[in-house]
Amino acid sequence: MTSAAYRLLGGGRIDRGKPVSFSLDGRSMSGLQGDTLASALLASGLRLVGRSFKYHRPRGFLSAGVEEPNGLFTLGEGSHTEPNIPGTTTELTAGLTAWRQNGWPSVDFDLMAINSLLAPLLSAGFYYKTFMGPTRGSWMFYERFIRRAAGLGRAVYERDTNRYETRQAFADVLVVGSGPAGLAAASVAGRGGARVVLVEQDSLLGGSLLRESVAGGAEQWRRKLETELEALRNVEILRRTTALGLYDGGTVARVERRDHRRLDPARGEARQLVTTLRARSIVFATGATERPLVFANNDRPGVMLASAVRSYLNRFAVAPGRNAWVVTNNDSAYDVAFELAQNGVKVGIADARRLVDPSLSMKAVGLGIELNLAATIVDVLGGKAVRGLILANGSDGSQRQRRDCDLLCMSGGWSPAVHLTSHCGIKPRYRDDIAAFVPGGYAAGQFGAGALTGSFSLAAAVAEGVAAARNALAHCGLARDMFDVPLPALEMRVCGIEPIWQLPWSRHRKAFVDFQNDVTVADLGIAHQEGYRSAEHLKRYTTLGMGTEQGKTSNVNAIGIMAGFGGAAIPSGATTTFRPPFTPVAMGALAGRSIGAHFRPTRRSPLHDWHIKHAGEMLQVGPWLRPRFYRWAGATVASAYLEEMRLVRGAAGICDVSTLGKIDIQGPDAAEFLNRIYVNGFAKLPVGKARYGVMLTDDGAVLDDGTTTRLAETRYFMTTTTAQAGAVMSWLEFLLQTAWTDLKVHLTSVTDEWAGMAVAGPKARAVLELALPKVDLSDARLPYMGSLETSAEGVQLRVIRLSFSGELAYEIYVGGDYALALWEQILATGAPLGLKPYGLEALGSLRIEKGHVAGLELDHRTTLDDLGLSRMARQDAPFIGSQLRQRPLLQAPERWSLVGIESLEPQKRLRGGSILFAAADAIVGHGRGYITSVTWSPELRKSIALGLYRGGLKHQGEEIVCAYPLKEEQVKARIVAPLFIDPKGERLRV
Amino acid sequence: MLRIKCPCCGERDYTEFTYGGDASRERPAPDRADRQTWYSYVFVFDNPKGPHQEFWQHVHGCRQWLVLERNTATNEPGASRRARGDASE
């Protein structure tokens, strides 16, 4: 066990009585309850926490928060492995396993550090330049190595077995952030009677107050407000919860993390919950993030953000060094200098400004701190840990002095966390006085408070929190008593800053701006020189801000440096676009329970269980499960479907067609309605007859086809394809409710009410007569395209004589609850005649032999003319699409129209999607068409297909080539009429 | 995200609805329109930035079509009414 060499004896919000064991790189280590992984490692003296992305430079923790670019770890094992998790936000829990990343063979001794020597070849935009010209082809060779070397952590391929949940929630006032502004806002909103939700990404409430000593007034105030909020029943406090994004209408997505608890997924305990919260009003109190300073070698382990060192000191009782220097361009860093000195650390300050507030300089001198003004750091010494620095003074930086140190605290200023307020497109604006961006505005009912708005003093934060909450209450129409919140007893601090974006006179250009993606000032220089000057160009060209921390510590510095190159001021709106999520979130959390079988709803026919029991191989078709084939016919689909086709052509088969869309259409104007939507007329269809109909969209393409039966003078039963059922229903409702409101027509979707079964084959009538002995199914009573309403044993039946396969066939509709009984009865009585079930594959192949178009031909681009159905269209009256289908280009003779194709090489396989060429064409390019549907025909003993071919049946009889470039296959074939069997339809009229 | 007031069912989440296109123009009468009128209706229309009249169907509710005013720039929903228009039902 490593001793906690850097742990202070007193103070901190950790429990010295509760040690916590964890492992790092397989080595057992120990920390304390309340530690993060980072604070435990720093307490033990471990500095080197990873290797950088491109150059594999040794890195240490930069921060104490979500903005951490360096200290990313792989946590967990097996299927629970998660890479790239910041150690600064990982709560230390018993048994935590952590691995440092990106070093080979180890982070301590990393051979990939050789990349540092290749640095000149790896600068900004290198892959646009290194692999151009004569070396262009080599990219494909080197890409493999570059890709393997890139990245930080490694993901695992095992399925994530954690449980995640998603929820919906509502609130009156959402408060984001529990720093002084957020606590004050939640207090006022809560006492004002609103339903308040307070979200805090940390495990403790307090925000910036957690950087203050536990012995001071800040801690007392924090605890007091926390106790008060816990006692308010209308306030929901969510710790470890990050607001991920702001969306329209006051919608916020948040993720609650519960990894700190022992969870049992088998008992439904979710590791993370993503909630979509709709808030009537929102108070944003998201605070601000400190910026680094930019100088040579500012990325060495031991160079940290000044406020992060304060955090480690006061929250975790860790002093990450014994000999510290503070380099700054603003007043806030003096706090950590004073506190380090008070904890016995040797301290020096290099302030880049010429003048500072005398109260600060006097206090520094009083604590024995070496204070240098107009001073900068021009280099940092040490590789795997800071050993010293080079200080530069004087007007030209020529006075150089070396100082020893093992900790360098830098502060370049503070950047308000404007992410959430910018997600809906309100760009932040720049303020010269604080050298930072603040929200550019808020949507109605949304307000900002505290450091987010650029108010860095405690008094202002509390006052703004109170004001924002009052405004939020007013927006919700709630009582607006003047609740107030007293200020904490804290020393007032000054907040001056001078915007110095990069420290001058750096010894060399390895001055880092984006630590995570290894982007230096030199890279920014290249981008500027090559014209990539806007923030969006700069980002993509240098990859600045594209890592897991999305530029939280780099974006503003980069904008400042770029502006400096051009000698211009920083324009407002200069930031890149902010997009959710604010911090990385597990994909599983976003999916919640919509995984596996719950990814989408499954629709089953009433005969589903029968299919399963009788060895039907089920296929997912959209949301439906349908039997593709049955095992009685063969072990694989390739042989089974042919056997099922032979069954239907030779004897009789029965197929479950319950998934077809069915719509009941009633009303005095039902006939007129159908006349308007179908291309062929339905008003004169006799009662008891069925007709095949095609409907178009307004632009003249085919929308859907189906069979509609007239049940009575004012009643029709329409069927649609399975796939288009929903779209057609909505379309018909649209027409009746928005355009043809004078038509008296009522529609009811009855798809799920009626089960449907097709009995097809020469023996179909015989089969049904056995199953329904009391029903007259003679050709006289029920001719082709006739229908009859009947019943059997008291159960209502609808029998329509129509055929998809081209054989004698009937579709029987019965209420879903009776489907199984009827199906089994038909099969039982029909067994002696050879009746068996057939599936989707055979169904789809039989119709090809008959030349019936189906979904593969009805792709919403083909027209009636393309499909050879133009004779169906009425000439005497308009219908939907009747005008625009006559546009000259839609009737051009060179369009790709429906043809039949028969293979001339039976030993070769003909594939759907094959590209068609004339026999004399070169096999290159898009060809003259393609195969839409294909099958082996048992009757003709050859492969046949339907397809679209330029010029269509003008080329009947010509030889073509069907090319399948994916498998480099070509098959000789011939164009024939799209009707392969029974051209006179004699089998239908038996 | 969008909260839409269905005239029949009250305020509901946008996930219960399907968008149905531009409601600011009248559909040509089926028997009286020529090709040019249909061409303009189907293919030629404005894409305004700002308040826009739109068709939405409450597919996961009453299945009624409604006309919603929505601001295409800010995505704020405005007033909604039944597409059918009669107050009697």
# chains A, B, ... in the order shown; residues from 1 in each chain; ligands from 1
call {"tool": "closest_atom_pairs", "arguments": {"of": "chain A", "to": "chain B", "cutoff": "10 Å", "atoms": "only C-alpha atoms", "output": "JSON lines"}}
result
{"residue": "A:Leu246", "atom": "CA", "partner": "B:Met1", "partner_atom": "CA", "distance": 9.4}
{"residue": "A:Tyr247", "atom": "CA", "partner": "B:Met1", "partner_atom": "CA", "distance": 6.0}
{"residue": "A:Asp248", "atom": "CA", "partner": "B:Met1", "partner_atom": "CA", "distance": 4.6}
{"residue": "A:Gly249", "atom": "CA", "partner": "B:Met1", "partner_atom": "CA", "distance": 5.3}
{"residue": "A:Gly250", "atom": "CA", "partner": "B:Met1", "partner_atom": "CA", "distance": 7.4}
{"residue": "A:Thr251", "atom": "CA", "partner": "B:Met1", "partner_atom": "CA", "distance": 5.8}
{"residue": "A:Val252", "atom": "CA", "partner": "B:Met1", "partner_atom": "CA", "distance": 8.9}
{"residue": "A:Thr276", "atom": "CA", "partner": "B:Met1", "partner_atom": "CA", "distance": 9.4}
{"residue": "A:Leu277", "atom": "CA", "partner": "B:Met1", "partner_atom": "CA", "distance": 9.8}
{"residue": "A:Arg278", "atom": "CA", "partner": "B:Met1", "partner_atom": "CA", "distance": 8.2}
{"residue": "A:Cys424", "atom": "CA", "partner": "B:Thr74", "partner_atom": "CA", "distance": 8.9}
{"residue": "A:Gly425", "atom": "CA", "partner": "B:Thr74", "partner_atom": "CA", "distance": 9.4}
{"residue": "A:Ala443", "atom": "CA", "partner": "B:Thr74", "partner_atom": "CA", "distance": 9.8}
{"residue": "A:Arg676", "atom": "CA", "partner": "B:Pro30", "partner_atom": "CA", "distance": 7.6}
{"residue": "A:Asp698", "atom": "CA", "partner": "B:Val42", "partner_atom": "CA", "distance": 7.0}
{"residue": "A:Asp699", "atom": "CA", "partner": "B:Val42", "partner_atom": "CA", "distance": 6.8}
{"residue": "A:Gly726", "atom": "CA", "partner": "B:Val59", "partner_atom": "CA", "distance": 9.7}
{"residue": "A:Ser730", "atom": "CA", "partner": "B:Gln57", "partner_atom": "CA", "distance": 8.0}
{"residue": "A:Trp731", "atom": "CA", "partner": "B:Gly20", "partner_atom": "CA", "distance": 9.3}
{"residue": "A:Glu733", "atom": "CA", "partner": "B:Trp65", "partner_atom": "CA", "distance": 7.8}
{"residue": "A:Phe734", "atom": "CA", "partner": "B:Trp65", "partner_atom": "CA", "distance": 6.6}
{"residue": "A:Leu735", "atom": "CA", "partner": "B:Arg27", "partner_atom": "CA", "distance": 9.5}
{"residue": "A:Leu736", "atom": "CA", "partner": "B:Arg84", "partner_atom": "CA", "distance": 8.3}
{"residue": "A:Gln737", "atom": "CA", "partner": "B:Arg84", "partner_atom": "CA", "distance": 4.9}
{"residue": "A:Thr738", "atom": "CA", "partner": "B:Ala83", "partner_atom": "CA", "distance": 5.3}
{"residue": "A:Ala739", "atom": "CA", "partner": "B:Arg27", "partner_atom": "CA", "distance": 6.4}
{"residue": "A:Trp740", "atom": "CA", "partner": "B:Ala29", "partner_atom": "CA", "distance": 8.8}
{"residue": "A:Thr741", "atom": "CA", "partner": "B:Arg84", "partner_atom": "CA", "distance": 6.3}
{"residue": "A:Asp742", "atom": "CA", "partner": "B:Arg84", "partner_atom": "CA", "distance": 9.6}
{"residue": "A:Ala877", "atom": "CA", "partner": "B:Asp31", "partner_atom": "CA", "distance": 7.6}
{"residue": "A:Pro878", "atom": "CA", "partner": "B:Asp31", "partner_atom": "CA", "distance": 6.0}
{"residue": "A:Phe879", "atom": "CA", "partner": "B:Pro30", "partner_atom": "CA", "distance": 7.0}
{"residue": "A:Ile880", "atom": "CA", "partner": "B:Pro30", "partner_atom": "CA", "distance": 7.5}
{"residue": "A:Gly881", "atom": "CA", "partner": "B:Trp38", "partner_atom": "CA", "distance": 8.8}
{"residue": "A:Ser882", "atom": "CA", "partner": "B:Arg35", "partner_atom": "CA", "distance": 8.9}
{"residue": "A:Gln883", "atom": "CA", "partner": "B:Arg35", "partner_atom": "CA", "distance": 5.2}
{"residue": "A:Leu884", "atom": "CA", "partner": "B:Arg35", "partner_atom": "CA", "distance": 6.2}
{"residue": "A:Arg885", "atom": "CA", "partner": "B:Arg35", "partner_atom": "CA", "distance": 9.4}
{"residue": "A:Gln886", "atom": "CA", "partner": "B:Arg35", "partner_atom": "CA", "distance": 8.4}
{"residue": "A:Arg887", "atom": "CA", "partner": "B:Arg35", "partner_atom": "CA", "distance": 8.3}
call {"tool": "residues_around", "arguments": {"residues": "His475 of chain A", "least_positions_apart": "4", "cutoff": "12 Å", "atoms": "only C-alpha atoms", "output": "ChimeraX atom specification"}}
result
/A:172-173,189,194,279-283,443-447,468-471,479-480
call {"tool": "write_last_selection", "arguments": {"atoms": "all heavy atoms", "output": "tab-separated table (two decimals), in the first residue's frame"}}
result
chain	number	residue	atom	x	y	z
A	172	ASP	N	-41.61	22.86	-12.59
A	172	ASP	CA	-41.89	24.28	-12.77
A	172	ASP	C	-40.59	25.04	-12.99
A	172	ASP	O	-40.45	25.80	-13.92
A	172	ASP	CB	-42.60	24.85	-11.53
A	172	ASP	CG	-43.99	24.33	-11.36
A	172	ASP	OD1	-44.68	24.13	-12.38
A	172	ASP	OD2	-44.41	24.09	-10.20
A	173	VAL	N	-39.63	24.81	-12.08
A	173	VAL	CA	-38.35	25.51	-12.16
A	173	VAL	C	-37.22	24.49	-12.12
A	173	VAL	O	-37.09	23.74	-11.16
A	173	VAL	CB	-38.17	26.51	-10.99
A	173	VAL	CG1	-36.84	27.24	-11.12
A	173	VAL	CG2	-39.33	27.51	-10.96
A	189	ALA	N	-36.92	29.60	-5.18
A	189	ALA	CA	-37.97	28.94	-5.98
A	189	ALA	C	-38.71	27.92	-5.14
A	189	ALA	O	-39.93	27.76	-5.24
A	189	ALA	CB	-37.35	28.28	-7.21
A	194	ALA	N	-42.81	26.42	-5.96
A	194	ALA	CA	-42.75	25.77	-7.27
A	194	ALA	C	-42.27	24.33	-7.12
A	194	ALA	O	-41.63	23.98	-6.15
A	194	ALA	CB	-41.78	26.54	-8.16
A	279	ALA	N	-39.35	21.67	-18.46
A	279	ALA	CA	-39.42	22.66	-17.39
A	279	ALA	C	-40.10	23.92	-17.88
A	279	ALA	O	-39.79	24.42	-18.96
A	279	ALA	CB	-37.99	23.00	-16.91
A	280	ARG	N	-41.03	24.43	-17.07
A	280	ARG	CA	-41.69	25.67	-17.46
A	280	ARG	C	-40.71	26.84	-17.43
A	280	ARG	O	-40.84	27.78	-18.22
A	280	ARG	CB	-42.87	25.95	-16.54
A	280	ARG	CG	-44.02	24.98	-16.80
A	280	ARG	CD	-45.05	24.98	-15.70
A	280	ARG	NE	-45.84	26.20	-15.67
A	280	ARG	CZ	-46.69	26.51	-14.70
A	280	ARG	NH1	-46.83	25.70	-13.67
A	280	ARG	NH2	-47.39	27.63	-14.75
A	281	SER	N	-39.76	26.77	-16.50
A	281	SER	CA	-38.73	27.81	-16.49
A	281	SER	C	-37.42	27.20	-16.01
A	281	SER	O	-37.42	26.16	-15.36
A	281	SER	CB	-39.13	28.97	-15.58
A	281	SER	OG	-39.09	28.55	-14.24
A	282	ILE	N	-36.32	27.83	-16.40
A	282	ILE	CA	-35.00	27.29	-16.07
A	282	ILE	C	-34.10	28.40	-15.57
A	282	ILE	O	-34.09	29.50	-16.12
A	282	ILE	CB	-34.34	26.65	-17.32
A	282	ILE	CG1	-35.26	25.61	-17.96
A	282	ILE	CG2	-33.01	26.01	-16.93
A	282	ILE	CD1	-34.71	24.99	-19.22
A	283	VAL	N	-33.36	28.10	-14.49
A	283	VAL	CA	-32.29	28.99	-14.03
A	283	VAL	C	-30.97	28.29	-14.29
A	283	VAL	O	-30.72	27.21	-13.76
A	283	VAL	CB	-32.42	29.32	-12.52
A	283	VAL	CG1	-31.21	30.11	-12.05
A	283	VAL	CG2	-33.71	30.08	-12.26
A	443	ALA	N	-33.87	32.03	-23.86
A	443	ALA	CA	-35.24	31.88	-24.34
A	443	ALA	C	-36.19	32.38	-23.26
A	443	ALA	O	-35.80	32.56	-22.12
A	443	ALA	CB	-35.51	30.41	-24.65
A	444	ALA	N	-37.44	32.58	-23.64
A	444	ALA	CA	-38.43	33.08	-22.68
A	444	ALA	C	-38.53	32.12	-21.51
A	444	ALA	O	-38.58	30.90	-21.70
A	444	ALA	CB	-39.78	33.22	-23.37
A	445	GLY	N	-38.55	32.67	-20.30
A	445	GLY	CA	-38.69	31.83	-19.12
A	445	GLY	C	-37.38	31.21	-18.64
A	445	GLY	O	-37.37	30.41	-17.72
A	446	GLN	N	-36.28	31.59	-19.29
A	446	GLN	CA	-34.99	31.04	-18.89
A	446	GLN	C	-34.06	32.17	-18.48
A	446	GLN	O	-34.08	33.24	-19.08
A	446	GLN	CB	-34.40	30.23	-20.04
A	446	GLN	CG	-35.27	29.02	-20.38
A	446	GLN	CD	-34.80	28.24	-21.57
A	446	GLN	OE1	-33.67	28.41	-22.03
A	446	GLN	NE2	-35.66	27.38	-22.06
A	447	PHE	N	-33.30	31.93	-17.43
A	447	PHE	CA	-32.49	33.00	-16.83
A	447	PHE	C	-31.13	32.47	-16.43
A	447	PHE	O	-30.96	31.29	-16.18
A	447	PHE	CB	-33.21	33.55	-15.58
A	447	PHE	CG	-34.68	33.83	-15.83
A	447	PHE	CD1	-35.63	32.87	-15.55
A	447	PHE	CD2	-35.09	35.04	-16.38
A	447	PHE	CE1	-36.98	33.09	-15.81
A	447	PHE	CE2	-36.43	35.28	-16.64
A	447	PHE	CZ	-37.38	34.31	-16.35
A	468	ALA	N	-33.00	35.61	-10.41
A	468	ALA	CA	-33.41	34.66	-11.45
A	468	ALA	C	-34.57	33.81	-10.96
A	468	ALA	O	-35.53	33.54	-11.70
A	468	ALA	CB	-32.23	33.78	-11.83
A	469	ALA	N	-34.50	33.37	-9.70
A	469	ALA	CA	-35.59	32.53	-9.17
A	469	ALA	C	-36.89	33.31	-9.10
A	469	ALA	O	-37.96	32.78	-9.41
A	469	ALA	CB	-35.20	31.99	-7.80
A	470	ARG	N	-36.79	34.57	-8.74
A	470	ARG	CA	-38.01	35.38	-8.69
A	470	ARG	C	-38.62	35.50	-10.07
A	470	ARG	O	-39.83	35.40	-10.26
A	470	ARG	CB	-37.70	36.77	-8.14
A	470	ARG	CG	-37.42	36.78	-6.65
A	470	ARG	CD	-37.08	38.19	-6.19
A	470	ARG	NE	-36.70	38.21	-4.80
A	470	ARG	CZ	-36.08	39.25	-4.23
A	470	ARG	NH1	-35.80	40.32	-4.95
A	470	ARG	NH2	-35.77	39.21	-2.96
A	471	ASN	N	-37.77	35.71	-11.06
A	471	ASN	CA	-38.26	35.80	-12.43
A	471	ASN	C	-38.87	34.48	-12.89
A	471	ASN	O	-39.87	34.44	-13.60
A	471	ASN	CB	-37.12	36.20	-13.38
A	471	ASN	CG	-36.77	37.66	-13.25
A	471	ASN	OD1	-37.62	38.48	-12.91
A	471	ASN	ND2	-35.52	37.99	-13.50
A	479	ALA	N	-46.64	32.72	-6.75
A	479	ALA	CA	-46.54	33.83	-5.80
A	479	ALA	C	-45.13	34.38	-5.77
A	479	ALA	O	-44.17	33.64	-5.80
A	479	ALA	CB	-46.93	33.35	-4.41
A	480	ARG	N	-45.03	35.65	-5.71
A	480	ARG	CA	-43.71	36.27	-5.80
A	480	ARG	C	-43.37	37.03	-4.52
A	480	ARG	O	-42.95	38.17	-4.59
A	480	ARG	CB	-43.69	37.21	-7.01
A	480	ARG	CG	-42.37	37.19	-7.75
A	480	ARG	CD	-42.50	37.99	-9.01
A	480	ARG	NE	-41.88	39.30	-8.84
A	480	ARG	CZ	-41.16	39.91	-9.79
A	480	ARG	NH1	-40.97	39.31	-10.92
A	480	ARG	NH2	-40.65	41.08	-9.59
call {"tool": "select_by_dssp", "arguments": {"residues": "chain B", "states": "strand (DSSP E)", "output": "VMD selection string"}}
result
chain B and resid 3 to 6 10 to 13 18 to 22 51 to 57 65 to 71 77 to 82
call {"tool": "select_by_dssp", "arguments": {"residues": "segment 734-866 of chain A", "states": "alpha helix (DSSP H)", "output": "PyMOL selection string"}}
result
chain A and resi 734+764-771+819-830+840-850
call {"tool": "residues_around", "arguments": {"residues": "Thr72 of chain B", "least_positions_apart": "2", "cutoff": "12 Å", "atoms": "only C-alpha atoms", "output": "ChimeraX atom specification"}}
result
/B:2,22,47-54,68-70,74-78
call {"tool": "closest_residue", "arguments": {"among": "B:Ser40, B:His60, B:Asp46, B:Ile4", "to": "Glu16 of chain B", "atoms": "only C-alpha atoms"}}
result
B:His60
call {"tool": "residues_around", "arguments": {"residues": "Thr275 of chain A", "least_positions_apart": "2", "cutoff": "9 Å", "atoms": "only C-alpha atoms", "output": "mmCIF file with C-alpha atoms, in the first residue's frame"}}
result
data_model
loop_
_atom_site.group_PDB
_atom_site.id
_atom_site.type_symbol
_atom_site.label_atom_id
_atom_site.label_comp_id
_atom_site.auth_asym_id
_atom_site.auth_seq_id
_atom_site.Cartn_x
_atom_site.Cartn_y
_atom_site.Cartn_z
ATOM 1 C CA GLU A 165 -33.428 3.475 -18.028
ATOM 2 C CA THR A 166 -35.026 6.462 -19.706
ATOM 3 C CA ARG A 167 -37.773 8.576 -18.201
ATOM 4 C CA GLN A 168 -39.946 11.607 -18.779
ATOM 5 C CA ALA A 169 -40.438 14.292 -16.131
ATOM 6 C CA VAL A 252 -33.538 19.440 -20.884
ATOM 7 C CA ALA A 253 -32.001 15.982 -21.096
ATOM 8 C CA ARG A 254 -30.225 14.862 -17.956
ATOM 9 C CA VAL A 255 -28.341 11.736 -16.929
ATOM 10 C CA GLU A 256 -28.274 10.509 -13.330
ATOM 11 C CA LEU A 273 -31.036 7.115 -15.983
ATOM 12 C CA LEU A 277 -37.397 16.944 -18.427
#
call {"tool": "closest_residue", "arguments": {"among": "A:Asn675, A:Thr751, A:Ser123, A:Thr81", "to": "Thr542 of chain A", "atoms": "only C-alpha atoms"}}
result
A:Ser123
call {"tool": "atom_distance", "arguments": {"atom1": "atom CA of Pro134 of chain A", "atom2": "atom CA of Leu538 of chain A"}}
result
26.9 Å
call {"tool": "atom_distance", "arguments": {"atom1": "atom CA of Thr93 of chain A", "atom2": "atom CA of Arg240 of chain A"}}
result
14.3 Å
